[in-house]
>>> print(open('my_file.cif').read())   # mmCIF, C-alpha atoms
data_protein
loop_
_atom_site.label_atom_id
_atom_site.label_comp_id
_atom_site.auth_asym_id
_atom_site.auth_seq_id
_atom_site.Cartn_x
_atom_site.Cartn_y
_atom_site.Cartn_z
CA MET A 1 21.84 -26.63 -18.77
CA ALA A 2 19.18 -26.15 -16.12
CA GLY A 3 16.26 -23.92 -16.89
CA GLN A 4 15.16 -21.19 -14.53
CA MET A 5 11.72 -19.77 -13.95
CA CYS A 6 11.33 -16.43 -12.12
CA VAL A 7 7.87 -15.65 -10.85
CA LEU A 8 7.61 -11.95 -10.05
CA ASP A 9 5.85 -11.38 -6.73
CA ARG A 10 5.98 -9.24 -3.58
CA THR A 11 9.17 -10.97 -2.42
CA GLY A 12 10.90 -9.80 -5.60
CA ASP A 13 10.75 -13.10 -7.37
CA THR A 14 10.36 -16.77 -6.59
CA LYS A 15 12.72 -19.01 -8.55
CA LEU A 16 12.17 -22.54 -9.74
CA ILE A 17 14.96 -24.45 -11.44
CA TRP A 18 14.54 -27.58 -13.51
CA ASN A 19 16.77 -29.97 -15.40
CA PRO A 20 15.27 -30.64 -18.83
CA ASP A 21 16.66 -34.17 -18.60
CA ASN A 22 14.79 -34.80 -15.34
CA LYS A 23 11.13 -35.61 -15.98
CA ASP A 24 9.93 -34.87 -12.45
CA GLU A 25 11.58 -31.47 -12.36
CA THR A 26 10.34 -30.64 -15.83
CA ASP A 27 6.79 -31.70 -14.95
CA ALA A 28 6.86 -29.58 -11.78
CA ALA A 29 8.02 -26.56 -13.75
CA ARG A 30 5.39 -27.14 -16.41
CA GLU A 31 2.69 -27.45 -13.75
CA MET A 32 3.67 -24.16 -12.17
CA PHE A 33 3.85 -22.49 -15.55
CA ASP A 34 0.38 -23.69 -16.55
CA LYS A 35 -1.11 -22.75 -13.19
CA LEU A 36 0.19 -19.19 -13.34
CA ARG A 37 -0.73 -18.76 -16.99
CA ALA A 38 -4.27 -19.79 -16.11
CA LYS A 39 -4.28 -16.97 -13.54
CA GLY A 40 -3.37 -14.46 -16.22
CA HIS A 41 0.38 -14.28 -15.80
CA ILE A 42 2.37 -13.31 -18.87
CA ALA A 43 5.35 -15.52 -19.68
CA TYR A 44 8.51 -14.25 -21.30
CA SER A 45 11.31 -16.50 -22.52
CA VAL A 46 14.58 -14.62 -22.17
CA LYS A 47 18.24 -15.37 -22.49
CA ARG A 48 20.28 -15.52 -19.32
CA ASP A 49 22.27 -12.47 -20.43
CA GLY A 50 19.11 -10.39 -20.53
CA GLU A 51 18.84 -10.22 -24.31
CA LYS A 52 15.37 -9.37 -25.56
CA GLY A 53 12.95 -12.17 -25.11
CA GLU A 54 9.64 -13.25 -26.50
CA VAL A 55 6.20 -13.96 -25.17
CA ILE A 56 5.44 -17.65 -24.79
CA THR A 57 2.13 -19.32 -24.09
CA THR A 58 3.30 -22.90 -23.64
CA PHE A 59 6.05 -24.19 -21.40
CA ASP A 60 9.39 -24.66 -23.14
CA PRO A 61 11.51 -27.17 -21.17
CA HIS A 62 14.60 -26.04 -23.03
CA ALA A 63 14.17 -22.36 -22.31
CA GLU A 64 17.13 -20.81 -20.53
CA LYS A 65 15.02 -18.51 -18.42
CA ILE A 66 11.30 -17.83 -18.18
CA ILE A 67 9.93 -14.77 -16.41
CA LEU A 68 6.32 -14.88 -15.30
CA ALA A 69 4.81 -11.46 -14.68
CA PRO A 70 1.49 -10.96 -12.89
CA PRO A 71 -1.48 -9.65 -14.88
CA LEU A 72 -1.47 -5.91 -15.57
CA ARG A 73 -4.08 -3.19 -15.48
CA GLY A 74 -4.23 0.45 -16.40
CA GLY A 75 -3.60 2.91 -13.58
CA MET B 76 -41.85 22.66 41.70
CA ALA B 77 -38.78 22.75 39.76
CA THR B 78 -38.73 21.70 36.22
CA ILE B 79 -35.86 21.04 34.00
CA TRP B 80 -34.93 23.71 31.48
CA TYR B 81 -37.64 25.91 32.83
CA SER B 82 -35.95 29.11 32.04
CA TRP B 83 -32.90 28.20 30.10
CA SER B 84 -33.00 31.11 27.80
CA ALA B 85 -35.88 33.21 28.76
CA ILE B 86 -36.36 35.61 31.54
CA ASN B 87 -39.39 34.65 33.51
CA THR B 88 -41.60 37.61 33.79
CA THR B 89 -42.67 36.65 37.25
CA SER B 90 -39.23 36.62 38.65
CA THR B 91 -37.21 39.46 39.79
CA ALA B 92 -33.69 40.14 38.83
CA SER B 93 -33.80 37.03 36.74
CA THR B 94 -30.91 35.77 34.82
CA THR B 95 -30.37 32.57 33.01
CA TRP B 96 -28.29 31.04 35.74
CA ASN B 97 -30.74 31.88 38.44
CA HIS B 98 -33.35 29.92 36.70
CA TRP B 99 -30.93 27.15 36.09
CA THR B 100 -30.93 26.52 39.79
CA THR B 101 -34.52 27.11 40.56
CA ALA B 102 -37.40 27.45 38.26
CA THR B 103 -40.01 29.17 40.22
CA SER B 104 -40.92 32.72 39.94
CA THR B 105 -39.54 33.33 43.38
CA ALA B 106 -35.99 32.69 42.37
CA THR B 107 -33.51 35.21 43.41
CA THR B 108 -29.88 35.57 42.77
CA SER B 109 -29.03 34.73 46.33
CA SER B 110 -30.83 31.42 46.37
CA ALA B 111 -28.33 29.94 44.03
CA THR B 112 -26.11 28.94 46.91
CA THR B 113 -28.57 26.32 48.03
CA GLY B 114 -29.83 25.32 44.68
CA ALA B 115 -27.63 22.79 42.99
CA VAL B 116 -27.51 22.47 39.27
CA TRP B 117 -27.68 18.78 39.51
CA VAL B 118 -30.78 18.92 41.63
CA GLU B 119 -32.73 20.45 38.80
CA TRP B 120 -30.95 18.34 36.26
CA THR B 121 -32.45 15.23 37.76
CA GLY B 122 -35.84 16.79 38.23
CA THR B 123 -35.90 16.46 41.94
CA SER B 124 -35.64 19.02 44.65
CA ILE B 125 -33.50 16.76 46.73
CA ALA B 126 -29.83 17.18 46.27
CA VAL B 127 -28.38 13.91 45.17
CA PRO B 128 -24.66 13.42 44.86
CA VAL B 129 -24.16 12.75 41.22
CA GLN B 130 -21.02 11.32 39.89
CA ALA B 131 -21.07 10.86 36.17
CA TRP B 132 -18.02 8.60 36.02
CA ARG B 133 -15.63 7.26 38.57
CA GLN B 134 -12.21 6.06 37.61
CA PRO B 135 -11.67 2.55 38.93
CA ARG B 136 -9.16 2.38 41.69
CA LEU B 137 -6.28 0.02 40.81
CA SER B 138 -3.82 -1.45 43.17
CA PRO B 139 -0.14 -0.80 42.58
CA GLU B 140 0.18 -4.40 41.41
CA GLU B 141 -2.63 -3.98 38.89
CA ILE B 142 -1.09 -0.76 37.63
CA GLU B 143 2.24 -2.51 37.13
CA GLN B 144 0.56 -5.42 35.32
CA ARG B 145 -1.16 -3.04 32.94
CA ARG B 146 2.09 -1.21 32.30
CA GLN B 147 3.89 -4.44 31.48
CA ALA B 148 1.07 -5.59 29.18
CA ASP B 149 1.25 -2.27 27.34
CA GLU B 150 5.01 -2.64 26.98
CA ARG B 151 4.64 -6.17 25.61
CA ARG B 152 2.06 -5.04 23.07
CA GLN B 153 4.27 -2.16 21.99
CA ALA B 154 7.29 -4.47 21.63
CA GLU B 155 5.29 -6.98 19.56
CA TRP B 156 4.04 -4.24 17.27
CA GLN B 157 7.55 -2.86 16.83
CA ALA B 158 9.00 -6.30 16.05
CA LYS B 159 6.31 -6.89 13.44
CA ALA B 160 6.96 -3.51 11.81
CA ASP B 161 10.72 -4.16 11.78
CA ALA B 162 10.22 -7.58 10.17
CA GLU B 163 7.98 -6.14 7.47
CA ARG B 164 10.45 -3.38 6.72
CA LYS B 165 13.30 -5.87 6.50
CA ALA B 166 11.31 -8.15 4.19
CA LYS B 167 10.57 -5.23 1.91
CA GLU B 168 14.25 -4.24 1.77
CA VAL B 169 15.20 -7.80 0.82
CA ALA B 170 12.48 -7.90 -1.85
CA ASP B 171 13.61 -4.58 -3.32
CA GLN B 172 17.21 -5.80 -3.44
CA ARG B 173 16.24 -9.05 -5.21
CA ALA B 174 14.10 -7.19 -7.71
CA GLU B 175 16.84 -4.68 -8.43
CA GLU B 176 19.36 -7.47 -9.07
CA LEU B 177 16.95 -9.17 -11.47
CA LEU B 178 16.25 -5.92 -13.31
CA HIS B 179 19.97 -5.14 -13.49
CA SER B 180 20.62 -8.49 -15.14
CA HIS B 181 18.19 -7.52 -17.91
CA LEU B 182 19.62 -4.09 -18.71
CA ASN B 183 22.32 -3.46 -21.25
CA GLY B 184 25.35 -1.31 -20.43
CA ARG B 185 23.75 1.96 -21.48
CA GLN B 186 20.59 1.24 -19.53
CA ARG B 187 22.60 0.32 -16.45
CA ARG B 188 24.37 3.66 -16.55
CA GLN B 189 21.06 5.47 -16.92
CA TYR B 190 19.62 3.48 -14.03
CA ARG B 191 22.58 4.26 -11.80
CA ARG B 192 22.06 7.97 -12.43
CA SER B 193 18.30 8.26 -12.15
CA LYS B 194 16.73 4.86 -11.38
CA SER B 195 15.19 5.05 -14.86
CA PHE B 196 16.23 3.81 -18.27
CA ILE B 197 15.23 4.06 -21.92
CA VAL B 198 13.87 1.11 -23.85
CA THR B 199 13.37 0.82 -27.57
CA GLY B 200 9.95 -0.67 -28.06
CA ARG B 201 9.02 -3.19 -30.68
CA ASP B 202 7.32 -0.33 -32.56
CA GLY B 203 10.65 1.50 -32.88
CA ASN B 204 9.75 4.22 -30.40
CA ASN B 205 11.84 5.02 -27.33
CA TYR B 206 10.21 4.77 -23.94
CA LYS B 207 11.51 5.98 -20.62
CA VAL B 208 10.74 3.64 -17.74
CA GLY B 209 10.84 5.33 -14.35
CA ARG B 210 10.79 3.99 -10.83
CA ARG B 211 7.20 4.53 -9.75
CA TRP B 212 4.12 2.43 -9.38
CA GLN B 213 1.90 4.42 -11.71
CA GLY B 214 2.53 6.62 -14.71
CA HIS B 215 6.11 5.44 -14.86
CA VAL B 216 6.39 4.96 -18.61
CA THR B 217 6.64 7.83 -21.10
CA ARG B 218 7.10 7.79 -24.85
CA LEU B 219 9.87 10.00 -26.15
CA ASP B 220 9.85 11.92 -29.42
CA ALA B 221 12.78 12.13 -31.83
CA ARG B 222 14.29 14.88 -29.67
CA GLY B 223 14.05 12.87 -26.49
CA ARG B 224 11.16 14.83 -25.05
CA GLU B 225 8.42 13.03 -23.13
CA VAL B 226 5.26 13.32 -25.19
CA GLU B 227 2.93 10.66 -23.82
CA ARG B 228 2.55 9.07 -20.40
CA PHE B 229 1.32 5.54 -19.77
CA CYS B 230 -0.11 4.31 -16.52
CA ILE B 231 0.11 0.55 -16.13
CA HIS B 232 1.04 -1.75 -13.28
CA PRO B 233 0.47 -5.31 -12.00
CA VAL B 234 -2.77 -6.14 -10.23
CA SER B 235 -0.76 -7.54 -7.31
CA GLU B 236 2.01 -5.85 -5.38
CA VAL B 237 5.59 -6.27 -6.59
CA PRO B 238 8.71 -4.22 -5.80
CA LEU B 239 9.20 -1.17 -8.01
CA PRO B 240 12.17 -2.63 -9.94
CA ASP B 241 9.92 -5.57 -10.90
CA ASN B 242 7.34 -3.06 -12.16
CA GLN B 243 10.06 -1.55 -14.33
CA LEU B 244 11.18 -4.94 -15.66
CA ILE B 245 7.62 -5.89 -16.56
CA ALA B 246 7.19 -2.67 -18.57
CA LYS B 247 10.49 -3.27 -20.34
CA LEU B 248 9.60 -6.82 -21.30
CA MET B 249 6.18 -5.87 -22.61
CA LEU B 250 7.43 -2.87 -24.58
CA GLU B 251 10.09 -5.01 -26.23
CA THR B 252 7.73 -7.84 -27.14
CA ASP B 253 4.15 -6.54 -27.47
CA VAL B 254 3.67 -2.77 -27.59
CA GLU B 255 0.12 -3.16 -28.87
CA GLN B 256 -0.88 -5.14 -25.79
CA PHE B 257 0.90 -2.60 -23.60
CA LYS B 258 -1.10 0.25 -25.12
CA ARG B 259 -4.34 -1.71 -24.93
CA ILE B 260 -3.95 -2.09 -21.18
CA ALA B 261 -2.32 1.21 -20.20
CA ASN B 262 -4.13 4.47 -19.65
CA ALA B 263 -2.42 7.00 -21.92
CA THR B 264 -2.15 10.74 -21.40
CA PRO B 265 -0.63 13.06 -23.96
CA LEU B 266 1.90 15.48 -22.53
CA THR B 267 2.31 19.02 -23.71
CA VAL B 268 5.77 19.70 -25.00
#
>>> encode(input="my_file.cif", output="structure tokens")
Amino acid sequence: MAGQMCVLDRTGDTKLIWNPDNKDETDAAREMFDKLRAKGHIAYSVKRDGEKGEVITTFDPHAEKIILAPPLRGG
Amino acid sequence: MATIWYSWSAINTTSTASTTWNHWTTATSTATTSSATTGAVWVEWTGTSIAVPVQAWRQPRLSPEEIEQRRQADERRQAEWQAKADAERKAKEVADQRAEELLHSHLNGRQRRQYRRSKSFIVTGRDGNNYKVGRRWQGHVTRLDARGREVERFCIHPVSEVPLPDNQLIAKLMLETDVEQFKRIANATPLTV
């Protein structure tokens, strides 16, 4: 099953889909993941049905869905 | 010889029947109220006894063609501004819709019902406490006590702009996975019950 990455941004979210059996797609997803993590984004691995997820710090090619949230600050 | 401001506020003792405006027009001691008809304010203003037509500003005369060109240019600018504003509003509506769909997909049945009623929902944090997540940019998370009363408010939001439903989803995810980090970042305010 294809993995999906949702990057939360001002458009709502930008989606990137990869096939874990496709090296190019997986590498592209990993590159985006690493780039955003370096910028301070927080990554959550969640199930497609919205069940509670967990924080991840390394890219999981077999994750069903990864949500990348921008860095936070106190208001 | 006339001088500027000679008798702006004072009554010259050498004049007769002097008033401020008399001396505005002439500044000699021989000024009389009747001499004001020949004395021009602007004569004294320029420091010369010779009346000089003074025109502070003259509106440029435009031909009918030039007037029409300016009108059309104004209309074009207005139309461009309006189109840009409409596009931005439409983009924001699309973003809000996408964010709401994503948030909805991460709510359970009870939370969806709460959200439908009030655009807010209750999350059980990893620490076992219940938190209400509202639809605002700041101060949108409150901790509830055992009776469901809001007892503490947390102000936390992304450093970059995202639609409000995204802001709610981010709070939900963090409360469910790392409450300690949430509380380290957020500014907390106790609420009187």
>>> atom_distance(input="my_file.cif", atom1="CA of Asn205 (chain B)", atom2="CA of Ile67 (chain A)")
22.7 Å
>>> resolve_selection(input="my_file.cif", expression="the PyMOL selection byres ((chain B) within 8 of (chain A))", output="PyMOL selection string")
chain B and resi 166-167+169-174+180-183+213-214+230-238+241+245+248+251-252+260-262
>>> resolve_selection(input="my_file.cif", expression="the PyMOL selection byres ((chain B and resi 188-200) around 7)", output="number ranges by chain")
B: 184-187, 201-210, 247, 250-251, 254
>>> atom_distance(input="my_file.cif", atom1="CA of Met5 (chain A)", atom2="CA of Asp253 (chain B)")
20.4 Å
>>> closest_residue(input="my_file.cif", among="B:Leu239, B:Asp161, B:Val268, B:Ala154", to="Arg222 (chain B)", atoms="all atoms listed in the file")
B:Val268
>>> atom_distance(input="my_file.cif", atom1="CA of Lys258 (chain B)", atom2="CA of Leu36 (chain A)")
22.8 Å
>>> residues_near_point(input="my_file.cif", point="(16.8, -30.3, -16.8)", cutoff="9 Å", atoms="only C-alpha atoms", output="VMD selection string")
chain A and resid 1 to 3 17 to 23 25 to 26 61 to 62
